[in-house]
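Below: one structure, written as structure tokens.
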Amino acid sequence: MDKPVLKDSMRLFEQLGRIKSRSMFGGFGIFADDTMFALVVRDKLHLRANDKTSNEFKSLGYKPYVYKKRGFPVVTKYFALPETWSENPEKTLSNAREALAAAKVEKETQATSKPERLKDLPNLRLATERMLKKAGIESVPELEAKGAVEAFKAIRQTHSSDVGLELLWALEGAIKGTHWSVIPQARRDELANRIN
């Protein structure tokens, strides 16, 4: 499932930088130098859109990828290209360049304007915010000052139920402003070792 489309698109995108993929959204995110700009899911290639390309893609009849989160549909910024995308590699590559540029701009904007509430950080939600507050971490600056390991330890002390390592990685991603799945395995191992 998804593998031929993933391999073909990654090969095409090699000109855009160091290309890698990670499992996400029920498919595979495609990254160029740590910036996700494409998604392969259900045997379709999706490219990230900004306001301009979103209108362009909609006018061409492209549909955004929709997934369910806690039972509710979430419409992403990733639009499915027609199945004929590989027949016009120049056009696809041009669209991918634009998608990557838009993703980089958004990434830089997010890095300079951090959310005020904990629940609005990447990977976190209201339940995580409540856990952090119960552990004595009330704000984004407090979480950043504590760091992922100390925040995780504080949560573990205040919660009777087992807290999984996924929370540790989610906290690290929240502090770094990125999805937890892009945290390198070596960094995950280092964080896990510091817990024990």
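Residue names in the structure tokens use chain letters A, B, ... in the order shown, residue numbers from 1 in each chain, and ligand numbers from 1 in the order shown.
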Task: region 181-194 of chain A environment, 9 Å, only C-alpha atoms, sequence neighbours closer than 4 positions dropped, as a list in words - done: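 Near neighbours after the sequence-gap exclusion: Arg22, Ser23, Met24, Asp34, Ala148, Val149, Leu165, Leu168, Trp169, Ala170, Glu172 and Gly173 of chain A.
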Export of the given selection (N, CA and C atoms) as a compact mmCIF listing (two decimals), in the first residue's frame:
```txt
# COMPACT_ATOMS: atom_id res chain seq x y z
N ARG A 22 8.17 9.73 6.70
CA ARG A 22 7.79 9.23 8.03
C ARG A 22 6.33 8.85 8.00
N SER A 23 6.00 7.84 8.75
CA SER A 23 4.62 7.39 8.84
C SER A 23 3.80 8.44 9.60
N MET A 24 2.72 8.92 8.99
CA MET A 24 1.81 9.87 9.66
C MET A 24 0.50 10.02 8.91
N ASP A 34 13.82 18.24 6.78
CA ASP A 34 13.00 18.36 7.99
C ASP A 34 11.74 19.22 7.83
N ALA A 148 11.40 18.80 28.27
CA ALA A 148 10.52 17.64 28.12
C ALA A 148 10.71 16.62 29.24
N VAL A 149 11.95 16.33 29.61
CA VAL A 149 12.22 15.29 30.60
C VAL A 149 11.65 15.67 31.96
N LEU A 165 5.84 6.72 27.02
CA LEU A 165 6.94 7.50 26.45
C LEU A 165 6.47 8.39 25.30
N LEU A 168 6.37 11.84 26.40
CA LEU A 168 7.69 12.48 26.46
C LEU A 168 8.06 13.06 25.11
N TRP A 169 7.85 12.26 24.06
CA TRP A 169 8.19 12.73 22.71
C TRP A 169 7.24 13.84 22.27
N ALA A 170 5.98 13.75 22.68
CA ALA A 170 5.02 14.81 22.35
C ALA A 170 5.44 16.13 23.00
N GLU A 172 8.54 16.98 23.87
CA GLU A 172 9.74 17.45 23.17
C GLU A 172 9.34 18.13 21.85
N GLY A 173 8.44 17.50 21.11
CA GLY A 173 7.97 18.10 19.86
C GLY A 173 7.26 19.43 20.09
```
- [ ] List every residue of region 16-155 of chain A that DSSP, applied to the backbone of this structure, places in strand (DSSP E or B), and write the result as a PyMOL selection string.
- [x] chain A and resi 19-24+27-32+35-41+44-48+64-69+72-80
- [ ] Choose the residue, out of A:Leu93, A:Met36, A:Val41, A:Leu167, that has the smallest atom-to-atom separation from Val105 (chain A); count only C-alpha atoms.
- [x]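 Among the listed residues, the smallest separation from Val105 (chain A) belongs to A:Met36.
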TODO: Write out as JSON, numbers by chain the residues lying within 9 Å of Glu98 (chain A), counting only C-alpha atoms and excluding same-chain residues fewer than 6 positions away.
DONE: {"A": [48, 49, 50, 53]}
As a compact mmCIF listing (two decimals) with N, CA and C atoms, in the first residue's frame, which residues of region 29-108 of chain A does DSSP assign to alpha helix (DSSP H)?
```
# COMPACT_ATOMS: atom_id res chain seq x y z
N ASP A 51 -2.63 29.68 0.79
CA ASP A 51 -3.89 30.29 0.33
C ASP A 51 -3.99 30.35 -1.19
N LYS A 52 -2.89 30.74 -1.83
CA LYS A 52 -2.89 30.88 -3.30
C LYS A 52 -3.07 29.52 -3.98
N THR A 53 -2.22 28.55 -3.61
CA THR A 53 -2.30 27.25 -4.28
C THR A 53 -3.55 26.48 -3.88
N SER A 54 -4.06 26.75 -2.69
CA SER A 54 -5.30 26.09 -2.26
C SER A 54 -6.44 26.44 -3.21
N ASN A 55 -6.57 27.72 -3.55
CA ASN A 55 -7.61 28.16 -4.49
C ASN A 55 -7.37 27.58 -5.88
N GLU A 56 -6.08 27.54 -6.26
CA GLU A 56 -5.69 26.97 -7.56
C GLU A 56 -6.09 25.49 -7.62
N PHE A 57 -5.71 24.74 -6.57
CA PHE A 57 -6.01 23.31 -6.53
C PHE A 57 -7.52 23.05 -6.53
N LYS A 58 -8.26 23.86 -5.77
CA LYS A 58 -9.72 23.69 -5.73
C LYS A 58 -10.33 23.93 -7.11
N SER A 59 -9.82 24.96 -7.82
CA SER A 59 -10.36 25.26 -9.15
C SER A 59 -10.07 24.13 -10.14
N PRO A 89 6.19 15.19 -14.86
CA PRO A 89 7.08 15.40 -13.71
C PRO A 89 7.50 16.86 -13.51
N GLU A 90 7.64 17.61 -14.61
CA GLU A 90 8.04 19.03 -14.48
C GLU A 90 6.99 19.82 -13.71
N LYS A 91 5.73 19.61 -14.06
CA LYS A 91 4.62 20.32 -13.40
C LYS A 91 4.53 19.88 -11.93
N THR A 92 4.64 18.58 -11.69
CA THR A 92 4.57 18.07 -10.32
C THR A 92 5.71 18.63 -9.48
N LEU A 93 6.91 18.67 -10.06
CA LEU A 93 8.07 19.20 -9.35
C LEU A 93 7.91 20.69 -9.07
N SER A 94 7.36 21.41 -10.02
CA SER A 94 7.09 22.83 -9.84
C SER A 94 6.10 23.05 -8.70
N ASN A 95 5.02 22.26 -8.69
CA ASN A 95 4.03 22.34 -7.60
C ASN A 95 4.67 21.97 -6.26
N ALA A 96 5.55 20.97 -6.27
CA ALA A 96 6.22 20.54 -5.04
C ALA A 96 7.14 21.63 -4.51
N ARG A 97 7.83 22.33 -5.42
CA ARG A 97 8.70 23.45 -5.00
C ARG A 97 7.88 24.51 -4.28
N GLU A 98 6.73 24.82 -4.86
CA GLU A 98 5.83 25.82 -4.25
C GLU A 98 5.31 25.32 -2.90
N ALA A 99 4.97 24.03 -2.83
CA ALA A 99 4.48 23.44 -1.57
C ALA A 99 5.56 23.52 -0.50
N LEU A 100 6.79 23.21 -0.87
CA LEU A 100 7.91 23.26 0.08
C LEU A 100 8.16 24.69 0.54
N ALA A 101 8.13 25.63 -0.37
CA ALA A 101 8.33 27.04 0.00
C ALA A 101 7.25 27.50 0.97
N ALA A 102 5.99 27.12 0.70
CA ALA A 102 4.88 27.49 1.59
C ALA A 102 5.05 26.85 2.97
N ALA A 103 5.46 25.59 3.00
CA ALA A 103 5.66 24.89 4.27
C ALA A 103 6.78 25.53 5.08
N LYS A 104 7.85 25.95 4.40
CA LYS A 104 8.97 26.60 5.11
C LYS A 104 8.55 27.93 5.70
N VAL A 105 7.78 28.71 4.93
CA VAL A 105 7.30 30.01 5.43
C VAL A 105 6.43 29.79 6.67
N GLU A 106 5.51 28.83 6.59
CA GLU A 106 4.63 28.57 7.72
C GLU A 106 5.42 28.08 8.94
N LYS A 107 6.43 27.26 8.71
CA LYS A 107 7.26 26.74 9.79
C LYS A 107 8.00 27.89 10.49
N GLU A 108 8.54 28.82 9.70
CA GLU A 108 9.25 29.97 10.26
C GLU A 108 8.29 30.87 11.04
```
Open item on the list: Can you pull out the residues contacting region 5-10 of chain A? Cut-off 9 Å, using only C-alpha atoms, and skip same-chain residues under 6 positions away; I want them as number ranges by chain.
Closed with: A: 19-21, 28, 30, 39-41, 43-45, 86
- [ ] Please provide as a list in words all residues within 7 Å of Pro122 (chain A), with the sequence filter that same-chain residues fewer than 2 positions apart are discarded (counting only C-alpha atoms).
- [x] Asp120, Leu124, Gly173, Ala174, Gly177, Thr178 and His179 of chain A
Could you list, as a CSV table (one decimal) with all heavy atoms, in the first residue's frame, every residue within 10 Å of Met131 (chain A), counting only C-alpha atoms and ignoring same-chain residues fewer than 5 positions away?
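out10.csv was written with the following content:
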```csv
chain,number,residue,atom,x,y,z
A,126,LEU,N,-6.2,19.6,25.1
A,126,LEU,CA,-6.7,20.1,26.4
A,126,LEU,C,-6.3,19.1,27.5
A,126,LEU,O,-5.9,19.5,28.6
A,126,LEU,CB,-8.2,20.3,26.3
A,126,LEU,CG,-8.8,21.0,27.5
A,126,LEU,CD1,-8.2,22.3,27.8
A,126,LEU,CD2,-10.3,21.2,27.3
A,136,GLY,N,2.0,21.3,37.9
A,136,GLY,CA,2.6,22.6,38.3
A,136,GLY,C,3.2,23.4,37.1
A,136,GLY,O,3.9,24.4,37.3
A,137,ILE,N,2.9,23.0,35.9
A,137,ILE,CA,3.4,23.7,34.7
A,137,ILE,C,2.2,24.4,34.1
A,137,ILE,O,1.4,23.8,33.4
A,137,ILE,CB,4.1,22.7,33.7
A,137,ILE,CG1,5.3,22.1,34.4
A,137,ILE,CG2,4.6,23.5,32.5
A,137,ILE,CD1,5.8,20.8,33.7
A,138,GLU,N,2.2,25.7,34.2
A,138,GLU,CA,1.0,26.5,33.9
A,138,GLU,C,1.1,27.2,32.5
A,138,GLU,O,0.0,27.6,32.0
A,138,GLU,CB,0.8,27.6,34.9
A,138,GLU,CG,0.6,27.1,36.3
A,138,GLU,CD,-0.8,26.6,36.6
A,138,GLU,OE1,-1.8,27.1,35.9
A,138,GLU,OE2,-1.0,25.8,37.5
A,151,ALA,N,9.4,17.9,32.7
A,151,ALA,CA,7.9,18.0,32.6
A,151,ALA,C,7.3,16.6,32.6
A,151,ALA,O,6.3,16.4,33.3
A,151,ALA,CB,7.5,18.7,31.3
A,152,PHE,N,7.9,15.7,31.9
A,152,PHE,CA,7.4,14.3,31.9
A,152,PHE,C,7.4,13.7,33.3
A,152,PHE,O,6.5,13.1,33.8
A,152,PHE,CB,8.2,13.5,30.9
A,152,PHE,CG,7.7,12.0,30.8
A,152,PHE,CD1,6.7,11.7,30.0
A,152,PHE,CD2,8.4,11.0,31.6
A,152,PHE,CE1,6.3,10.3,29.9
A,152,PHE,CE2,8.0,9.7,31.5
A,152,PHE,CZ,6.9,9.4,30.7
A,154,ALA,N,7.4,15.3,36.1
A,154,ALA,CA,6.4,16.0,37.0
A,154,ALA,C,5.0,15.4,36.7
A,154,ALA,O,4.3,15.2,37.7
A,154,ALA,CB,6.4,17.5,36.7
A,155,ILE,N,4.7,15.2,35.5
A,155,ILE,CA,3.4,14.6,35.2
A,155,ILE,C,3.3,13.2,35.8
A,155,ILE,O,2.3,12.8,36.4
A,155,ILE,CB,3.2,14.5,33.6
A,155,ILE,CG1,2.9,15.9,33.1
A,155,ILE,CG2,2.0,13.6,33.3
A,155,ILE,CD1,2.9,16.0,31.6
A,156,ARG,N,4.4,12.4,35.6
A,156,ARG,CA,4.4,11.0,36.1
A,156,ARG,C,4.2,11.0,37.7
A,156,ARG,O,3.5,10.1,38.2
A,156,ARG,CB,5.7,10.3,35.8
A,156,ARG,CG,5.6,8.8,35.7
A,156,ARG,CD,6.6,8.2,35.0
A,156,ARG,NE,8.0,8.5,35.6
A,156,ARG,CZ,9.1,7.9,35.1
A,156,ARG,NH1,9.1,7.0,34.1
A,156,ARG,NH2,10.2,8.2,35.6
A,158,THR,N,2.4,13.2,39.4
A,158,THR,CA,1.1,13.6,39.8
A,158,THR,C,-0.1,12.8,39.2
A,158,THR,O,-1.2,13.1,39.5
A,158,THR,CB,0.9,15.1,39.4
A,158,THR,OG1,1.1,15.2,38.0
A,158,THR,CG2,1.8,16.0,40.1
A,159,HIS,N,0.3,11.8,38.4
A,159,HIS,CA,-0.8,11.0,37.8
A,159,HIS,C,-0.6,9.5,38.2
A,159,HIS,O,0.5,9.0,38.1
A,159,HIS,CB,-0.8,11.1,36.3
A,159,HIS,CG,-1.3,12.4,35.9
A,159,HIS,ND1,-0.6,13.6,36.0
A,159,HIS,CD2,-2.6,12.7,35.4
A,159,HIS,CE1,-1.4,14.6,35.5
A,159,HIS,NE2,-2.6,14.1,35.2
```
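Take the candidates A:Lys114, A:Lys3, A:Val74, A:Ile195 and check each one against Gly164 (chain A) using only C-alpha atoms; the shortest distance goes to A:Ile195.
For the residues A:Gly147, A:Pro82, A:Pro73, A:Gly29, ranking by smallest atom-to-atom distance to Leu171 (chain A) using only C-alpha atoms places A:Gly147 first.
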Open item on the list: My list of candidates is A:Arg18, A:Phe25, A:Glu116, A:Asp33. Which is closest to Thr76 (chain A) when distances are computed with only C-alpha atoms?
Closed with: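 Closest candidate: A:Phe25.
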Open item on the list: For a test of reading the model, state the distance in Å between CA of Gly26 (chain A) and CA of Val75 (chain A), rounded to one decimal.
Closed with: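 Interatomic distance, CA of Gly26 (chain A) to CA of Val75 (chain A): 13.8 Å.
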